[in-house]
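Peer 1: Dumping the structure here so I can ask a few things about it.
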Amino acid sequence: MSAIVDSVSKYPIIRSKLQRPRIGGQLVIRPRLLEQLNAATSLVFVIAPAGYGKTTLLSTWLETNALPSAWLSLDEHDNDLVMFLTYLVDAVRTLFPTACHDTLVLLQGMTMPPIAVISRTLLTELATIQQEFVLVLDDFHLIHERVIQEVMIELTRRPPQALHLVFAARTDPPLPMASLRVRGDVVELREADLRFSLAETTAFLREQMHLQIDDQSASDLNDQTEGWIAGLCLTALYIRHAGGPKKLTTNPQGYSRYVISYLVAEVLAHVPSAIQEFLIKTSILERFCGPLCEAVTNLAELEQDGQTYLEWLEHNNLFLLSIDEDRRWYRYHHLFQRLLLDQLERKYGSVEVNALHTKASAWFAQNGYPEDALRHALAGNDTAAAVQVFAQQRQELTNGEQWHHLERLLRLFPRAVIDREPELLLSEVWFLINREQLADVPRSLDQVEALLRQQPPDAATADRLQGEVECRRSTQYYFASDHARCIAAARRALEKLPAEWWMLRAQARLFLSVASLAVGELRPAYAVLYDSGEPDHGRAFQTRLLVGTCFVHWQTADLTGLAQAATRILDGGDQSGLQLETNTWAHYHLGSVHYLRNELAAAERQLAPLVRQPYLAHVQCFLTALPRWPWSIRRKANRKRPVRPPN
């Protein structure tokens, strides 16, 4: 695949998700469990409800294990194949920086490959890693997307020899567990295994919770909590504030939700009121740092330091996990967070809760986390803010051809919101064009123009949006063979689109050029691309224009000019700013030149990658390269056959 792309554009990654949570304080070492984990071969399943110490156990194990390890903390937002696999590969790359290059490239192709192709590529690349290593997928129960599960089924059926894959989850993952057990290389730790023994309970209470407690009281608490670590921790915090051991009534199934809610309320009642408010308000955050907490809780207005609060919580064992090396980012234990959210609902009304989300959204937007900003804006019912965040990201993502990321952001919006927002609809139109669903384009563009008439935005925004409509219209008219209207629409687009929206301007110039050529205007067809008068937006923009010139040279049968333009794209030095679509078109055009010149070996070098890896190329590259590639091979082979004398 390296013949097509020399570098892989990175999907936006939250680095803290790739770092093993740091467990502070004194830990209860659990030799019986560590011994089982150390005996693991291919697959490990740590399955238990919330609060049984899965993450703590695995973190402790990896600190003592000699094998290199990678970690991926999953959340419900990872139910997207591109996002999930990008994170998985990046986790592996924390150990092996060049691993799984082809898998990442496949995920950025113009067409999403079948799951079988993605699975096979991933497995093949993981199998090339010789060094044994551990990969932990924490909170895997949050992954419910079927296509992701299918990839993981293949990975567990044929695990690479060097990989020790660990699933930490609350429920059994949707994998062929029975057949995996029969294979005999599976270690399973479940609720019964993870419960604290009496000795572990006593050590935990005395050494980590700093309780002066006698053996009988420790035994009573162990029986009462049935070895459930989260319940034991809450009870210990409650005892600390109550001044001594207390008997709590539980149901036959152990600690009920009501008992736990009571314990949380009791614990919160004995911490300073400022800490109570801090905990409850920050419970809306899936991960947080000091400055973010300051923004959400108004600590900044009081000139107080959010990091100080976090360190206090960590010191007092209030269910806080550090999730990065610098101890800057944290999250709450999931069970504790859920119970804090219950407190939030009881204490504050929807208006105040929405305001918290709005503050979080503003902080994330200002600090370069658009997806988090968008999610919190929508959670706070602030659709206008969410659309604004999307609009601010759209130019950069469009210019960078980051279609998967742009579509992921778009799909966060409900359908009803998309249908009434021009910014969202215009992005959806681009996806329709990329997928060649051109029949649906006119209706969507009509809808955008109707919205612009009903609720006209400010003049600059109105011009830009109308310019984008005209750009898309030029595409629509060209493929309908309405070349005069295509030319007019492209010219209007160039009048209205801002210079910084260079991807759209390049697109408008492309269709202006090919439509001019179609009506016999050769000189303008070349001039609009070669002498564009556009500001220098960098190599990616220049190569985008060169792709347009390739089409003009092709249609005028100018093979020399076509070869020069395609070669300039591929030989322009640093290609880090180029996208797959640009490169694949260049390979296609250059291969076509060699084919028509009967330079068959050179044609094969350019066309073979497009045929062998069709998902990386624009669909038209593949379809038109496909018939030429075997002919090149056959004709080259025929040349090598000896000439037989006539009979």
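A note on labels: chains of the structure tokens are A, B, ... as shown, every chain counts residues from 1, and ligands are counted from 1 in their shown order.
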Determine, counting only C-alpha atoms, which protein, DNA and RNA residues have an atom within 9 Å of an atom of Gln447 in chain A; residues of the same chain fewer than 2 positions away are not included. Present the result as a list in words.
Peer 2: Asp419, Arg420, Pro422, Leu425, Pro442, Arg443, Ser444, Leu445, Glu449, Ala450, Leu451 and Leu452 of chain A
Peer 1: Which residues, written as an mmCIF file with N, CA and C atoms, in the first residue's frame, have at least one atom at most 12 Å from Thr383 in chain A, with only C-alpha atoms counted and residues fewer than 4 positions away on the same chain left out?
Peer 2:
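Wrote it out as result19.cif, contents follow:
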data_model
loop_
_atom_site.group_PDB
_atom_site.id
_atom_site.type_symbol
_atom_site.label_atom_id
_atom_site.label_comp_id
_atom_site.auth_asym_id
_atom_site.auth_seq_id
_atom_site.Cartn_x
_atom_site.Cartn_y
_atom_site.Cartn_z
ATOM 1 N N ASN A 354 -28.348 21.934 32.472
ATOM 2 C CA ASN A 354 -28.026 22.361 31.110
ATOM 3 C C ASN A 354 -26.934 23.422 31.111
ATOM 4 N N HIS A 357 -23.558 21.788 31.366
ATOM 5 C CA HIS A 357 -23.130 21.246 30.075
ATOM 6 C C HIS A 357 -22.662 22.362 29.138
ATOM 7 N N THR A 358 -23.342 23.497 29.181
ATOM 8 C CA THR A 358 -22.952 24.620 28.324
ATOM 9 C C THR A 358 -21.561 25.122 28.680
ATOM 10 N N SER A 361 -19.093 22.591 27.432
ATOM 11 C CA SER A 361 -18.972 22.694 25.984
ATOM 12 C C SER A 361 -18.074 23.861 25.584
ATOM 13 N N ALA A 373 -17.049 19.111 22.935
ATOM 14 C CA ALA A 373 -17.808 20.359 22.969
ATOM 15 C C ALA A 373 -19.192 20.163 22.368
ATOM 16 N N LEU A 374 -19.241 19.456 21.257
ATOM 17 C CA LEU A 374 -20.508 19.228 20.584
ATOM 18 C C LEU A 374 -21.430 18.365 21.437
ATOM 19 N N ARG A 375 -20.883 17.315 22.029
ATOM 20 C CA ARG A 375 -21.708 16.413 22.848
ATOM 21 C C ARG A 375 -22.314 17.147 24.041
ATOM 22 N N HIS A 376 -21.507 17.963 24.711
ATOM 23 C CA HIS A 376 -22.034 18.670 25.881
ATOM 24 C C HIS A 376 -23.051 19.740 25.472
ATOM 25 N N ALA A 377 -22.839 20.379 24.339
ATOM 26 C CA ALA A 377 -23.824 21.360 23.873
ATOM 27 C C ALA A 377 -25.163 20.680 23.609
ATOM 28 N N LEU A 378 -25.130 19.511 22.982
ATOM 29 C CA LEU A 378 -26.377 18.790 22.720
ATOM 30 C C LEU A 378 -26.992 18.274 24.013
ATOM 31 N N ALA A 379 -26.150 17.795 24.945
ATOM 32 C CA ALA A 379 -26.668 17.327 26.241
ATOM 33 C C ALA A 379 -27.328 18.458 27.005
ATOM 34 N N VAL A 387 -24.303 23.586 16.743
ATOM 35 C CA VAL A 387 -24.142 23.900 15.316
ATOM 36 C C VAL A 387 -22.951 24.824 15.105
ATOM 37 N N GLN A 388 -22.770 25.776 16.007
ATOM 38 C CA GLN A 388 -21.637 26.690 15.894
ATOM 39 C C GLN A 388 -20.308 25.934 16.006
ATOM 40 N N VAL A 389 -20.228 24.992 16.946
ATOM 41 C CA VAL A 389 -19.011 24.191 17.088
ATOM 42 C C VAL A 389 -18.756 23.419 15.794
ATOM 43 N N PHE A 390 -19.808 22.822 15.242
ATOM 44 C CA PHE A 390 -19.664 22.060 14.001
ATOM 45 C C PHE A 390 -19.204 22.972 12.868
ATOM 46 N N LEU A 412 -23.809 13.027 15.230
ATOM 47 C CA LEU A 412 -24.190 13.289 16.616
ATOM 48 C C LEU A 412 -25.507 14.061 16.702
ATOM 49 N N PHE A 413 -25.872 14.730 15.617
ATOM 50 C CA PHE A 413 -27.089 15.544 15.609
ATOM 51 C C PHE A 413 -28.306 14.694 15.280
ATOM 52 N N PRO A 414 -29.430 14.952 15.935
ATOM 53 C CA PRO A 414 -30.680 14.282 15.540
ATOM 54 C C PRO A 414 -31.073 14.677 14.120
ATOM 55 N N ALA A 416 -33.839 15.638 12.928
ATOM 56 C CA ALA A 416 -34.655 16.857 12.856
ATOM 57 C C ALA A 416 -33.787 18.111 12.867
ATOM 58 N N VAL A 417 -32.675 18.069 13.598
ATOM 59 C CA VAL A 417 -31.772 19.230 13.639
ATOM 60 C C VAL A 417 -31.037 19.367 12.315
ATOM 61 N N ILE A 418 -30.572 18.258 11.745
ATOM 62 C CA ILE A 418 -29.879 18.308 10.456
ATOM 63 C C ILE A 418 -30.771 18.941 9.396
ATOM 64 N N ARG A 420 -32.940 21.163 9.544
ATOM 65 C CA ARG A 420 -33.243 22.594 9.628
ATOM 66 C C ARG A 420 -31.992 23.476 9.705
ATOM 67 N N GLU A 421 -30.822 22.876 9.545
ATOM 68 C CA GLU A 421 -29.583 23.647 9.655
ATOM 69 C C GLU A 421 -28.778 23.559 8.356
ATOM 70 N N LEU A 424 -25.297 21.843 8.399
ATOM 71 C CA LEU A 424 -25.324 20.387 8.503
ATOM 72 C C LEU A 424 -25.751 19.748 7.190
#
Peer 1: What's around range 154-171 of chain A at 8 Å? Count only C-alpha atoms, leave out sequence neighbours fewer than 2 positions away in its own chain, and write the answer as a PyMOL selection string.
Peer 2: chain A and resi 40-50+54-55+119+123+126-127+129-141+150-152+173+175+180
Peer 1: Ranking A:Arg93, A:Arg287, A:Arg394, A:His405 by minimum distance to Asp324 in chain A and counting only C-alpha atoms, which one comes first?
Peer 2: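 The answer is A:Arg287, which sits nearest to Asp324 in chain A.
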Peer 1: Skip Leu234 in chain A itself and residues of its chain fewer than 4 positions away, then list as an MDAnalysis selection string all residues within 9 Å of it, counting only C-alpha atoms.
Peer 2: chainID A and resid 229:230 238:239 260 263:264 267 318
Peer 1: Between CA of Val117 in chain A and CA of Leu72 in chain A, what is the distance in Å, rounded to a tenth?
Peer 2: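 Interatomic distance, CA of Val117 in chain A to CA of Leu72 in chain A: 23.2 Å.
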Peer 1: Among the residues of range 68-135 of chain A, find those DSSP assigns to helix (DSSP H, G or I) from the backbone and print them as a ChimeraX atom specification.
Peer 2: /A:76-78,81-93,101-107,115-127
Peer 1: Take the residues from that selection and put them in a file with N, CA, C and O atoms, as a tab-separated table (two decimals), in the first residue's frame.
Peer 2:
chain	number	residue	atom	x	y	z
A	76	GLU	N	-18.72	4.71	25.42
A	76	GLU	CA	-19.85	4.46	24.51
A	76	GLU	C	-19.68	5.19	23.18
A	76	GLU	O	-20.30	4.81	22.17
A	77	HIS	N	-18.83	6.22	23.15
A	77	HIS	CA	-18.63	6.97	21.91
A	77	HIS	C	-17.71	6.23	20.94
A	77	HIS	O	-17.52	6.69	19.81
A	78	ASP	N	-17.15	5.11	21.35
A	78	ASP	CA	-16.25	4.35	20.49
A	78	ASP	C	-16.99	3.33	19.63
A	78	ASP	O	-16.37	2.48	18.99
A	81	LEU	N	-16.67	2.05	13.82
A	81	LEU	CA	-15.60	1.15	13.41
A	81	LEU	C	-14.29	1.90	13.18
A	81	LEU	O	-13.23	1.45	13.62
A	82	VAL	N	-14.35	3.03	12.48
A	82	VAL	CA	-13.12	3.78	12.20
A	82	VAL	C	-12.50	4.27	13.50
A	82	VAL	O	-11.29	4.14	13.73
A	83	MET	N	-13.31	4.82	14.39
A	83	MET	CA	-12.80	5.33	15.66
A	83	MET	C	-12.22	4.20	16.51
A	83	MET	O	-11.10	4.30	17.03
A	84	PHE	N	-12.97	3.10	16.63
A	84	PHE	CA	-12.51	1.99	17.48
A	84	PHE	C	-11.18	1.44	16.99
A	84	PHE	O	-10.23	1.26	17.77
A	85	LEU	N	-11.09	1.13	15.70
A	85	LEU	CA	-9.86	0.53	15.19
A	85	LEU	C	-8.70	1.51	15.17
A	85	LEU	O	-7.54	1.12	15.34
A	86	THR	N	-8.99	2.79	14.98
A	86	THR	CA	-7.92	3.78	15.06
A	86	THR	C	-7.35	3.81	16.46
A	86	THR	O	-6.12	3.84	16.65
A	87	TYR	N	-8.22	3.78	17.46
A	87	TYR	CA	-7.75	3.74	18.85
A	87	TYR	C	-6.99	2.44	19.13
A	87	TYR	O	-5.94	2.46	19.78
A	88	LEU	N	-7.52	1.32	18.64
A	88	LEU	CA	-6.86	0.05	18.91
A	88	LEU	C	-5.45	0.03	18.31
A	88	LEU	O	-4.48	-0.36	18.96
A	89	VAL	N	-5.34	0.48	17.06
A	89	VAL	CA	-4.02	0.52	16.41
A	89	VAL	C	-3.10	1.50	17.12
A	89	VAL	O	-1.91	1.22	17.33
A	90	ASP	N	-3.64	2.64	17.52
A	90	ASP	CA	-2.80	3.62	18.22
A	90	ASP	C	-2.33	3.09	19.56
A	90	ASP	O	-1.23	3.41	20.02
A	91	ALA	N	-3.16	2.28	20.21
A	91	ALA	CA	-2.73	1.65	21.46
A	91	ALA	C	-1.54	0.73	21.19
A	91	ALA	O	-0.53	0.75	21.91
A	92	VAL	N	-1.64	-0.08	20.13
A	92	VAL	CA	-0.52	-0.96	19.77
A	92	VAL	C	0.70	-0.13	19.42
A	92	VAL	O	1.84	-0.47	19.75
A	93	ARG	N	0.48	1.01	18.78
A	93	ARG	CA	1.60	1.85	18.34
A	93	ARG	C	2.30	2.57	19.50
A	93	ARG	O	3.37	3.12	19.31
A	101	HIS	N	0.18	-0.17	9.78
A	101	HIS	CA	0.06	0.96	8.85
A	101	HIS	C	-1.05	0.73	7.83
A	101	HIS	O	-1.88	1.61	7.57
A	102	ASP	N	-1.09	-0.47	7.24
A	102	ASP	CA	-2.07	-0.74	6.19
A	102	ASP	C	-3.50	-0.71	6.73
A	102	ASP	O	-4.42	-0.31	6.01
A	103	THR	N	-3.69	-1.12	7.97
A	103	THR	CA	-5.02	-1.07	8.56
A	103	THR	C	-5.51	0.37	8.67
A	103	THR	O	-6.66	0.69	8.32
A	104	LEU	N	-4.64	1.26	9.14
A	104	LEU	CA	-5.01	2.67	9.24
A	104	LEU	C	-5.31	3.26	7.87
A	104	LEU	O	-6.26	4.05	7.71
A	105	VAL	N	-4.52	2.89	6.88
A	105	VAL	CA	-4.75	3.41	5.54
A	105	VAL	C	-6.11	2.95	5.01
A	105	VAL	O	-6.86	3.73	4.41
A	106	LEU	N	-6.44	1.67	5.24
A	106	LEU	CA	-7.74	1.16	4.80
A	106	LEU	C	-8.89	1.98	5.38
A	106	LEU	O	-9.88	2.25	4.72
A	107	LEU	N	-8.74	2.37	6.63
A	107	LEU	CA	-9.82	3.10	7.31
A	107	LEU	C	-10.01	4.50	6.74
A	107	LEU	O	-11.02	5.14	7.01
A	115	ILE	N	-15.88	-6.03	6.18
A	115	ILE	CA	-15.30	-6.36	7.47
A	115	ILE	C	-14.24	-7.45	7.34
A	115	ILE	O	-13.21	-7.43	8.02
A	116	ALA	N	-14.46	-8.41	6.44
A	116	ALA	CA	-13.50	-9.49	6.26
A	116	ALA	C	-12.14	-8.95	5.82
A	116	ALA	O	-11.09	-9.44	6.25
A	117	VAL	N	-12.15	-7.94	4.97
A	117	VAL	CA	-10.89	-7.35	4.49
A	117	VAL	C	-10.18	-6.63	5.63
A	117	VAL	O	-8.96	-6.76	5.82
A	118	ILE	N	-10.93	-5.85	6.39
A	118	ILE	CA	-10.33	-5.12	7.52
A	118	ILE	C	-9.77	-6.11	8.54
A	118	ILE	O	-8.64	-5.94	9.02
A	119	SER	N	-10.54	-7.13	8.87
A	119	SER	CA	-10.09	-8.12	9.86
A	119	SER	C	-8.83	-8.82	9.39
A	119	SER	O	-7.88	-8.99	10.16
A	120	ARG	N	-8.82	-9.22	8.13
A	120	ARG	CA	-7.66	-9.94	7.60
A	120	ARG	C	-6.41	-9.06	7.61
A	120	ARG	O	-5.31	-9.52	7.97
A	121	THR	N	-6.57	-7.81	7.25
A	121	THR	CA	-5.43	-6.89	7.24
A	121	THR	C	-4.90	-6.67	8.65
A	121	THR	O	-3.68	-6.72	8.89
A	122	LEU	N	-5.81	-6.45	9.59
A	122	LEU	CA	-5.40	-6.23	10.98
A	122	LEU	C	-4.68	-7.46	11.54
A	122	LEU	O	-3.61	-7.35	12.16
A	123	LEU	N	-5.26	-8.64	11.32
A	123	LEU	CA	-4.64	-9.87	11.83
A	123	LEU	C	-3.27	-10.10	11.20
A	123	LEU	O	-2.32	-10.49	11.90
A	124	THR	N	-3.16	-9.87	9.92
A	124	THR	CA	-1.89	-10.08	9.23
A	124	THR	C	-0.81	-9.16	9.80
A	124	THR	O	0.33	-9.59	10.04
A	125	GLU	N	-1.18	-7.91	10.03
A	125	GLU	CA	-0.18	-6.96	10.53
A	125	GLU	C	0.18	-7.23	11.99
A	125	GLU	O	1.35	-7.10	12.38
A	126	LEU	N	-0.79	-7.60	12.80
A	126	LEU	CA	-0.48	-7.93	14.19
A	126	LEU	C	0.41	-9.18	14.26
A	126	LEU	O	1.26	-9.30	15.15
A	127	ALA	N	0.22	-10.08	13.31
A	127	ALA	CA	1.02	-11.31	13.31
A	127	ALA	C	2.49	-11.06	12.98
A	127	ALA	O	3.34	-11.91	13.26
Peer 1: Which residue, A:Asp463, A:Arg605, A:Glu521, A:Phe278, has the smallest gap to Thr308 in chain A when you use only C-alpha atoms?
Peer 2: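 Under the stated criterion, the closest residue is A:Phe278.
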Peer 1: Can you list, as a ChimeraX atom specification, every protein, DNA or RNA residue that comes within 9 Å of Pro174 in chain A when you count only C-alpha atoms, leaving out same-chain residues fewer than 6 positions away?
Peer 2: /A:141,144,149,153
Peer 1: So that I can check the surroundings of range 195-208 of chain A, please list as a ChimeraX atom specification every protein, DNA and RNA residue that reaches within 12 Å of it, counting only C-alpha atoms and ignoring chain neighbours fewer than 2 positions away.
Peer 2: /A:23-33,47-54,57,189-193,210-237,239-240,245,315-317
